[in-house]
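What follows is the content of my_file_13.csv, which has CSV, C-alpha atoms:
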chain,number,residue,atom,x,y,z
A,214,MET,CA,11.0,79.9,-38.2
A,215,LYS,CA,9.1,81.1,-35.2
A,216,LYS,CA,5.7,79.7,-36.5
A,217,ILE,CA,7.3,76.4,-37.4
A,218,LEU,CA,8.7,76.0,-33.8
A,219,GLU,CA,5.3,77.1,-32.4
A,220,VAL,CA,3.5,74.4,-34.4
A,221,ILE,CA,6.0,71.7,-33.6
A,222,GLY,CA,6.1,72.6,-29.9
A,223,SER,CA,2.3,72.6,-29.7
A,224,LEU,CA,2.0,69.2,-31.3
A,225,VAL,CA,4.7,67.7,-29.1
A,226,LEU,CA,3.2,69.2,-26.0
A,227,ILE,CA,-0.3,67.9,-26.9
A,228,VAL,CA,1.0,64.4,-27.7
A,229,GLY,CA,2.9,64.4,-24.4
A,230,VAL,CA,-0.1,65.5,-22.3
A,231,CYS,CA,-2.4,63.0,-24.1
A,232,GLY,CA,0.2,60.3,-23.4
A,233,VAL,CA,0.2,61.2,-19.7
A,234,LEU,CA,-3.6,61.2,-19.5
A,235,ARG,CA,-3.6,57.9,-21.4
A,236,GLU,CA,-1.2,56.3,-18.9
A,237,LEU,CA,-3.0,57.6,-15.8
A,238,THR,CA,-6.6,57.2,-16.8
A,239,GLY,CA,-6.8,55.1,-20.0
A,240,TRP,CA,-8.3,57.9,-22.0
A,241,PHE,CA,-7.2,58.9,-25.5
A,242,PRO,CA,-6.5,55.4,-26.8
A,243,PHE,CA,-6.4,56.9,-30.3
A,244,MET,CA,-3.4,59.0,-29.3
A,245,GLY,CA,-1.0,56.1,-29.4
A,246,VAL,CA,2.0,57.9,-30.8
A,247,THR,CA,4.0,57.7,-27.6
A,248,ARG,CA,2.8,54.1,-27.0
A,249,PHE,CA,4.7,53.1,-30.1
A,250,LEU,CA,7.8,54.8,-28.7
A,251,THR,CA,7.5,53.3,-25.2
A,252,GLU,CA,6.8,49.8,-26.5
A,253,ASN,CA,9.5,49.6,-29.1
A,254,VAL,CA,12.3,51.1,-27.0
A,255,GLY,CA,13.6,48.6,-24.5
A,256,PHE,CA,14.7,50.8,-21.7
A,257,LEU,CA,11.4,52.6,-21.5
A,258,HIS,CA,9.4,49.5,-20.5
A,259,GLY,CA,7.8,50.3,-17.2
A,260,ARG,CA,8.7,54.0,-17.5
A,261,GLU,CA,5.9,55.1,-19.9
A,262,LEU,CA,4.6,57.8,-17.6
A,263,PHE,CA,8.0,59.3,-17.2
A,264,ALA,CA,8.6,59.2,-21.0
A,265,ASN,CA,5.4,61.0,-21.7
A,266,ILE,CA,6.1,63.7,-19.1
A,267,VAL,CA,9.5,64.2,-20.7
A,268,ILE,CA,7.9,64.5,-24.1
A,269,ALA,CA,5.4,67.1,-22.7
A,270,VAL,CA,8.3,69.1,-21.1
A,271,VAL,CA,10.3,69.0,-24.4
A,272,GLY,CA,7.2,70.4,-26.2
A,273,PHE,CA,6.9,73.2,-23.6
A,274,ALA,CA,10.6,74.0,-24.0
A,275,ILE,CA,10.2,74.3,-27.8
A,276,LEU,CA,7.3,76.7,-27.3
A,277,MET,CA,9.4,78.8,-24.9
A,278,THR,CA,12.2,78.8,-27.3
A,279,SER,CA,10.0,80.0,-30.1
A,280,ASP,CA,8.6,82.7,-27.9
A,281,ARG,CA,12.1,84.1,-27.2
A,282,MET,CA,12.9,84.4,-30.9
A,283,ARG,CA,12.5,87.7,-32.7
A,284,LYS,CA,10.0,88.0,-35.5
A,285,ALA,CA,11.7,87.8,-38.8

Rewritten as structure tokens:
Amino acid sequence: MKKILEVIGSLVLIVGVCGVLRELTGWFPFMGVTRFLTENVGFLHGRELFANIVIAVVGFAILMTSDRMRKA
């Protein structure tokens, strides 16, 4: 379970950070995972940067949760 949470947390954190970089600089156009989320959810229009920051923080929280778990 710990490894699964580490992998999921890492992926979510990377996607969130790439989304923040894409919003600020225009880099990583191929990492459009969060673009689909922010374009298709109505209340996120105009708040793309905030949504990507929240995604990155959630990924970090998942990583911290996996770190606190005991090895099984």

So which residues touch Leu234 in chain A within 12 Å, counting all atoms listed in the file, skipping near sequence neighbours fewer than 4 positions away, as number ranges by chain? A: 227-230, 238-245, 247, 261-263, 265-266, 269

In Å to one decimal, how far is CA of Ile275 in chain A from CA of Arg235 in chain A?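 A separation of 22.4 Å between them.
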
Please identify all polymer residues lying at most 12 Å from the point (9.9, 81.6, -27.2) (file coordinates), using all atoms listed in the file, and present the result as a ChimeraX atom specification. /A:214-219,222,272-284

Could you jot down the CA of His258 in chain A to CA of Val220 in chain A separation for me, Å, one decimal place?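 Separation between CA of His258 in chain A and CA of Val220 in chain A: 29.1 Å.
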
CA of Cys231 in chain A to CA of Gly259 in chain A, distance in Å rounded to a single decimal: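 So the answer is 17.7 Å.
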
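Excluding Arg260 in chain A itself and any same-chain residue fewer than 5 positions from it, the protein and nucleic acid residues within 12 Å of it, counting only C-alpha atoms, are Val233, Glu236, Thr247, Arg248, Leu250, Thr251, Glu252, Val254, Gly255, Asn265, Ile266 and Val267 of chain A.
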